[in-house]
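Worksheet: the structure to be examined is printed underneath.
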Amino acid sequence: MRVHTFSGGGFGQNGYLAVCEPDGEAVVVDPGAAAAGMVRHLEVAGTTPVAILLTHAHLDHIEGIATIRSAFPGVPIHLHPDDRPLYDAAPGQAAAFGHAMPDLPEPDRVLSAGEHITFGACAFEVRHAPGHSPGHVILYAAADGLALVGDVVFAGSIGRTDLPGGDFQTLITSIRREVLTLPAETRLLSGHGEETTVSREAQHNPFLIPHYGGELA
Ligand SMILES: [Zn+2]
Ligand SMILES: [Zn+2]
């Protein structure tokens, strides 16, 4: 699996295009402000993505959905049901911030914990990691040693928990259960900022150090 990063917007959001080699089946993850770049990349490769996977439904991670869907109509949108209220509220929130945002298509499929999303010979395991948002998921590709972690954990930080449906203790519990249990060298590709690894965050992330291996939950 090869993962391409597309960053943009005022929040520096990272969207990802995961491409399964050698045949080139692809999934779009969190299409945000840089979604047009994803479309160009896919068009040059002559690839129609098989799915749009959403780690969660915050505005900056879904504002490019219309761009993807207008280039590739009918590509199914996958979302965890616990983030559906955020998804439905997003266009109204965008308007409140003075952004014009086209109406969002309905999500087509429900993401559930433990499910495997396959494309070509590649697969993501869906891991439910609430706390930043109620329906946040991590997409873990065990065979490739990487995880797309959205806004659960960042290099040196963790997701904010002051937004609707956020909860600090829930987030810390999710990180311990769904991130720190992954193999130490697993690459973590976050919704904002640079990529990191499980071991780097376990050793250096100021929010996680006291929790690693301890009893604190
Ligand atoms: Zn978020
Ligand atoms: Zn974000």
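Ordering of the structure tokens sets the chain letters (A, B, ...), residue numbers begin anew at 1 in every chain, and ligands are numbered from 1 in the order given.
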Neighbouring residues of ligand 1 are defined here as those with any atom at most 7 Å from a ligand atom, counting only C-alpha atoms and all ligand atoms; list them as an mmCIF file with N, CA and C atoms, in the first residue's frame.
```
data_model
loop_
_atom_site.group_PDB
_atom_site.id
_atom_site.type_symbol
_atom_site.label_atom_id
_atom_site.label_comp_id
_atom_site.auth_asym_id
_atom_site.auth_seq_id
_atom_site.Cartn_x
_atom_site.Cartn_y
_atom_site.Cartn_z
ATOM 1 N N HIS A 56 -13.731 10.660 10.859
ATOM 2 C CA HIS A 56 -14.762 11.327 11.650
ATOM 3 C C HIS A 56 -15.362 12.428 10.799
ATOM 4 N N HIS A 58 -15.808 15.853 11.306
ATOM 5 C CA HIS A 58 -15.564 17.295 11.432
ATOM 6 C C HIS A 58 -15.396 17.918 10.046
ATOM 7 N N HIS A 132 -12.333 12.315 20.687
ATOM 8 C CA HIS A 132 -12.284 13.569 19.915
ATOM 9 C C HIS A 132 -13.660 13.818 19.307
ATOM 10 N N ASP A 151 -7.853 12.576 13.981
ATOM 11 C CA ASP A 151 -7.537 13.550 15.027
ATOM 12 C C ASP A 151 -7.492 12.903 16.408
#
```
Long-range neighbours of A:Gly135 as a PDB file with N, CA and C atoms, in the first residue's frame, 12 Å cut-off, only C-alpha atoms, 2 positions minimum in chain:
```
ATOM      1  N   LEU A  54     -14.257   7.903   6.103  1.00  0.00           N
ATOM      2  CA  LEU A  54     -14.148   9.078   6.974  1.00  0.00           C
ATOM      3  C   LEU A  54     -13.732   8.636   8.365  1.00  0.00           C
ATOM      4  N   THR A  55     -12.600   9.187   8.859  1.00  0.00           N
ATOM      5  CA  THR A  55     -12.220   8.866  10.236  1.00  0.00           C
ATOM      6  C   THR A  55     -13.223   9.482  11.201  1.00  0.00           C
ATOM      7  N   HIS A  56     -13.731  10.660  10.859  1.00  0.00           N
ATOM      8  CA  HIS A  56     -14.762  11.327  11.650  1.00  0.00           C
ATOM      9  C   HIS A  56     -15.362  12.428  10.799  1.00  0.00           C
ATOM     10  N   ALA A  57     -16.371  13.107  11.354  1.00  0.00           N
ATOM     11  CA  ALA A  57     -17.186  13.993  10.503  1.00  0.00           C
ATOM     12  C   ALA A  57     -16.969  15.475  10.775  1.00  0.00           C
ATOM     13  N   HIS A  58     -15.808  15.853  11.306  1.00  0.00           N
ATOM     14  CA  HIS A  58     -15.564  17.295  11.432  1.00  0.00           C
ATOM     15  C   HIS A  58     -15.396  17.918  10.046  1.00  0.00           C
ATOM     16  N   HIS A  78     -18.277   6.008   3.609  1.00  0.00           N
ATOM     17  CA  HIS A  78     -18.367   5.169   4.809  1.00  0.00           C
ATOM     18  C   HIS A  78     -18.151   6.037   6.042  1.00  0.00           C
ATOM     19  N   LEU A  79     -19.065   5.945   7.011  1.00  0.00           N
ATOM     20  CA  LEU A  79     -18.969   6.753   8.234  1.00  0.00           C
ATOM     21  C   LEU A  79     -19.481   5.936   9.411  1.00  0.00           C
ATOM     22  N   HIS A  80     -18.816   6.092  10.561  1.00  0.00           N
ATOM     23  CA  HIS A  80     -19.330   5.448  11.773  1.00  0.00           C
ATOM     24  C   HIS A  80     -20.629   6.143  12.188  1.00  0.00           C
ATOM     25  N   PRO A  81     -21.659   5.378  12.561  1.00  0.00           N
ATOM     26  CA  PRO A  81     -22.965   6.009  12.832  1.00  0.00           C
ATOM     27  C   PRO A  81     -22.938   7.025  13.979  1.00  0.00           C
ATOM     28  N   ASP A  82     -22.010   6.869  14.930  1.00  0.00           N
ATOM     29  CA  ASP A  82     -21.985   7.813  16.056  1.00  0.00           C
ATOM     30  C   ASP A  82     -21.545   9.221  15.638  1.00  0.00           C
ATOM     31  N   ASP A  83     -20.996   9.358  14.440  1.00  0.00           N
ATOM     32  CA  ASP A  83     -20.643  10.699  13.953  1.00  0.00           C
ATOM     33  C   ASP A  83     -21.667  11.242  12.962  1.00  0.00           C
ATOM     34  N   ARG A  84     -22.749  10.514  12.765  1.00  0.00           N
ATOM     35  CA  ARG A  84     -23.756  10.976  11.805  1.00  0.00           C
ATOM     36  C   ARG A  84     -24.368  12.335  12.195  1.00  0.00           C
ATOM     37  N   PRO A  85     -24.635  12.574  13.494  1.00  0.00           N
ATOM     38  CA  PRO A  85     -25.164  13.908  13.838  1.00  0.00           C
ATOM     39  C   PRO A  85     -24.193  15.033  13.461  1.00  0.00           C
ATOM     40  N   LEU A  86     -22.884  14.832  13.662  1.00  0.00           N
ATOM     41  CA  LEU A  86     -21.898  15.851  13.275  1.00  0.00           C
ATOM     42  C   LEU A  86     -21.924  16.046  11.763  1.00  0.00           C
ATOM     43  N   TYR A  87     -22.019  14.944  11.038  1.00  0.00           N
ATOM     44  CA  TYR A  87     -22.033  14.993   9.574  1.00  0.00           C
ATOM     45  C   TYR A  87     -23.220  15.819   9.091  1.00  0.00           C
ATOM     46  N   VAL A 110     -22.054   2.040   6.734  1.00  0.00           N
ATOM     47  CA  VAL A 110     -21.731   2.233   8.143  1.00  0.00           C
ATOM     48  C   VAL A 110     -20.394   1.541   8.446  1.00  0.00           C
ATOM     49  N   LEU A 111     -19.473   2.274   9.059  1.00  0.00           N
ATOM     50  CA  LEU A 111     -18.220   1.676   9.520  1.00  0.00           C
ATOM     51  C   LEU A 111     -18.445   1.089  10.899  1.00  0.00           C
ATOM     52  N   SER A 112     -18.015  -0.156  11.122  1.00  0.00           N
ATOM     53  CA  SER A 112     -18.131  -0.714  12.471  1.00  0.00           C
ATOM     54  C   SER A 112     -16.817  -1.305  12.932  1.00  0.00           C
ATOM     55  N   ALA A 113     -16.612  -1.262  14.249  1.00  0.00           N
ATOM     56  CA  ALA A 113     -15.366  -1.735  14.849  1.00  0.00           C
ATOM     57  C   ALA A 113     -15.118  -3.184  14.471  1.00  0.00           C
ATOM     58  N   VAL A 126     -10.956  -1.510  10.873  1.00  0.00           N
ATOM     59  CA  VAL A 126     -11.619  -0.364  11.489  1.00  0.00           C
ATOM     60  C   VAL A 126     -11.551  -0.517  13.008  1.00  0.00           C
ATOM     61  N   ARG A 127     -10.987   0.483  13.680  1.00  0.00           N
ATOM     62  CA  ARG A 127     -10.906   0.476  15.144  1.00  0.00           C
ATOM     63  C   ARG A 127     -11.615   1.714  15.661  1.00  0.00           C
ATOM     64  N   HIS A 128     -12.591   1.528  16.547  1.00  0.00           N
ATOM     65  CA  HIS A 128     -13.393   2.648  17.067  1.00  0.00           C
ATOM     66  C   HIS A 128     -12.619   3.337  18.187  1.00  0.00           C
ATOM     67  N   ALA A 129     -12.371   4.627  18.041  1.00  0.00           N
ATOM     68  CA  ALA A 129     -11.561   5.366  19.013  1.00  0.00           C
ATOM     69  C   ALA A 129     -12.234   6.699  19.349  1.00  0.00           C
ATOM     70  N   PRO A 130     -13.338   6.652  20.116  1.00  0.00           N
ATOM     71  CA  PRO A 130     -14.053   7.895  20.436  1.00  0.00           C
ATOM     72  C   PRO A 130     -13.264   8.766  21.421  1.00  0.00           C
ATOM     73  N   GLY A 131     -13.739   9.997  21.584  1.00  0.00           N
ATOM     74  CA  GLY A 131     -13.123  10.932  22.528  1.00  0.00           C
ATOM     75  C   GLY A 131     -12.922  12.294  21.896  1.00  0.00           C
ATOM     76  N   HIS A 132     -12.333  12.315  20.687  1.00  0.00           N
ATOM     77  CA  HIS A 132     -12.284  13.569  19.915  1.00  0.00           C
ATOM     78  C   HIS A 132     -13.660  13.818  19.307  1.00  0.00           C
ATOM     79  N   SER A 133     -14.258  12.755  18.800  1.00  0.00           N
ATOM     80  CA  SER A 133     -15.674  12.771  18.399  1.00  0.00           C
ATOM     81  C   SER A 133     -16.220  11.378  18.716  1.00  0.00           C
ATOM     82  N   VAL A 137     -13.005   6.791  14.054  1.00  0.00           N
ATOM     83  CA  VAL A 137     -12.362   5.494  13.838  1.00  0.00           C
ATOM     84  C   VAL A 137     -10.922   5.693  13.375  1.00  0.00           C
ATOM     85  N   ILE A 138     -10.116   4.675  13.632  1.00  0.00           N
ATOM     86  CA  ILE A 138      -8.746   4.575  13.132  1.00  0.00           C
ATOM     87  C   ILE A 138      -8.755   3.500  12.066  1.00  0.00           C
ATOM     88  N   GLY A 150      -6.495   9.984  12.009  1.00  0.00           N
ATOM     89  CA  GLY A 150      -7.355  11.160  12.080  1.00  0.00           C
ATOM     90  C   GLY A 150      -6.903  12.109  13.168  1.00  0.00           C
ATOM     91  N   ASP A 151      -7.853  12.576  13.981  1.00  0.00           N
ATOM     92  CA  ASP A 151      -7.537  13.550  15.027  1.00  0.00           C
ATOM     93  C   ASP A 151      -7.492  12.903  16.408  1.00  0.00           C
ATOM     94  N   VAL A 152      -7.210  11.590  16.474  1.00  0.00           N
ATOM     95  CA  VAL A 152      -7.072  10.927  17.770  1.00  0.00           C
ATOM     96  C   VAL A 152      -5.745  11.311  18.416  1.00  0.00           C
ATOM     97  N   PRO A 164     -18.344  19.432  20.515  1.00  0.00           N
ATOM     98  CA  PRO A 164     -19.508  18.606  20.877  1.00  0.00           C
ATOM     99  C   PRO A 164     -19.224  17.108  20.752  1.00  0.00           C
ATOM    100  N   GLY A 165     -19.541  16.364  21.809  1.00  0.00           N
ATOM    101  CA  GLY A 165     -19.322  14.921  21.798  1.00  0.00           C
ATOM    102  C   GLY A 165     -17.919  14.520  22.193  1.00  0.00           C
ATOM    103  N   GLY A 166     -17.043  15.500  22.477  1.00  0.00           N
ATOM    104  CA  GLY A 166     -15.675  15.185  22.868  1.00  0.00           C
ATOM    105  C   GLY A 166     -15.578  14.896  24.360  1.00  0.00           C
ATOM    106  N   THR A 170     -12.288   9.675  27.720  1.00  0.00           N
ATOM    107  CA  THR A 170     -12.636   8.716  26.657  1.00  0.00           C
ATOM    108  C   THR A 170     -11.537   8.664  25.604  1.00  0.00           C
ATOM    109  N   LEU A 171     -10.989   9.827  25.277  1.00  0.00           N
ATOM    110  CA  LEU A 171      -9.927   9.871  24.262  1.00  0.00           C
ATOM    111  C   LEU A 171      -8.673   9.152  24.758  1.00  0.00           C
ATOM    112  N   SER A 174      -9.216   5.517  24.597  1.00  0.00           N
ATOM    113  CA  SER A 174      -9.157   5.058  23.197  1.00  0.00           C
ATOM    114  C   SER A 174      -7.719   4.936  22.714  1.00  0.00           C
TER     115      SER A 174
END
```
What lies within 10 Å of stretch 115-117 of chain A using only C-alpha atoms, ignoring chain neighbours under 6 positions off, as a compact mmCIF listing (two decimals) with C-alpha atoms, in the first residue's frame?
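The result, stored in around.txt:
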```txt
# COMPACT_ATOMS: atom_id res chain seq x y z
CA VAL A 27 -9.57 4.56 -1.31
CA ALA A 51 -14.62 4.15 -1.33
CA LEU A 53 -13.63 6.49 4.23
CA HIS A 78 -18.37 5.17 4.81
CA ALA A 123 -7.05 -3.97 3.88
CA PHE A 124 -7.81 -1.54 6.66
CA GLU A 125 -9.09 -2.78 10.00
CA VAL A 126 -11.62 -0.36 11.49
CA ARG A 127 -10.91 0.48 15.14
CA LEU A 139 -7.90 2.73 9.92
CA TYR A 140 -5.14 0.20 10.59
CA ALA A 141 -3.28 -1.62 7.83
```
Quiz item: Residues at most 8 Å from stretch 179-189 of chain A, counting only C-alpha atoms, excluding those fewer than 5 positions away in the same chain, as a PyMOL selection string?
Solution: chain A and resi 145-150+174+194-199+202+212
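Distance check against A:Gly193 using only C-alpha atoms: of A:Pro134, A:Pro91, A:Thr5, A:Leu42, the minimum falls on A:Thr5.
With only C-alpha atoms and all ligand atoms as the basis for measurement, A:His61 is the residue among A:Arg69, A:His61, A:His99, A:His41 that approaches ligand 2 most closely.
Nearest residue to ligand 2 among A:Ile172, A:Ala96, A:Leu59, A:Ala121 is A:Leu59, counting only C-alpha atoms and all ligand atoms.
Nearest to A:Arg160 of all the residues A:Val75, A:Asp108, A:Ala142, A:His192 is A:His192, based on only C-alpha atoms.
When only C-alpha atoms and all ligand atoms are used to measure the gap to ligand 2, the shortest distance among A:Thr173, A:Gln93, A:Thr161, A:Ser190 belongs to A:Ser190.
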Practice problem: Quick one: pick out all strand (DSSP E) residues within chain A from a backbone DSSP run and write them as a ChimeraX atom specification. | Solution: /A:2-8,13-20,25-29,51-53,77-79,109-110,116-119,122-128,137-141,146-150,153-154,157-158,187-190,196-197
Self-check item: Spatial neighbours of A:Ala26, max dist 10 Å, only C-alpha atoms, sep filter under 6 positions, as a PyMOL selection string
Solution: chain A and resi 1-3+17-20+42+47-52+118-120+122
Quiz item: Could you pull the residues within 10 Å of A:Pro105, counting only C-alpha atoms, minus those fewer than 5 positions along the same chain, as a list of chain:residue names?
Solution: A:Ile65, A:Ala66, A:Arg69, A:Gly74, A:Pro76, A:Ile77, A:Asp88
May I have the residues from that selection written out with N, CA and C atoms, as an mmCIF file, in the first residue's frame?
```
data_model
loop_
_atom_site.group_PDB
_atom_site.id
_atom_site.type_symbol
_atom_site.label_atom_id
_atom_site.label_comp_id
_atom_site.auth_asym_id
_atom_site.auth_seq_id
_atom_site.Cartn_x
_atom_site.Cartn_y
_atom_site.Cartn_z
ATOM 1 N N ILE A 65 -15.748 16.257 0.122
ATOM 2 C CA ILE A 65 -16.527 15.109 -0.370
ATOM 3 C C ILE A 65 -17.210 15.423 -1.697
ATOM 4 N N ALA A 66 -17.800 16.611 -1.805
ATOM 5 C CA ALA A 66 -18.507 16.962 -3.038
ATOM 6 C C ALA A 66 -17.547 16.985 -4.230
ATOM 7 N N ARG A 69 -16.983 13.374 -5.156
ATOM 8 C CA ARG A 69 -18.183 12.756 -5.740
ATOM 9 C C ARG A 69 -18.552 13.353 -7.094
ATOM 10 N N GLY A 74 -21.085 8.311 -7.230
ATOM 11 C CA GLY A 74 -21.468 6.993 -6.743
ATOM 12 C C GLY A 74 -20.426 6.299 -5.895
ATOM 13 N N PRO A 76 -18.995 5.110 -2.780
ATOM 14 C CA PRO A 76 -19.708 5.078 -1.496
ATOM 15 C C PRO A 76 -18.932 5.749 -0.363
ATOM 16 N N ILE A 77 -19.674 6.478 0.466
ATOM 17 C CA ILE A 77 -19.124 7.167 1.633
ATOM 18 C C ILE A 77 -19.359 6.283 2.853
ATOM 19 N N ASP A 88 -24.385 15.543 9.689
ATOM 20 C CA ASP A 88 -25.592 16.240 9.252
ATOM 21 C C ASP A 88 -25.555 17.717 9.621
#
```
Exercise. Would you please extract all alpha helix (DSSP H) residues from stretch 13-214 of chain A, as assigned by DSSP on the backbone, and give them as a PyMOL selection string?
Key: chain A and resi 35-45+59-62+65-71+84-96+168-174+198-204
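Restricting the calculation to only C-alpha atoms and all ligand atoms, the smallest distance between ligand 2 and any of A:Val44, A:Met38, A:Ala95, A:Ile158 is found for A:Ile158.
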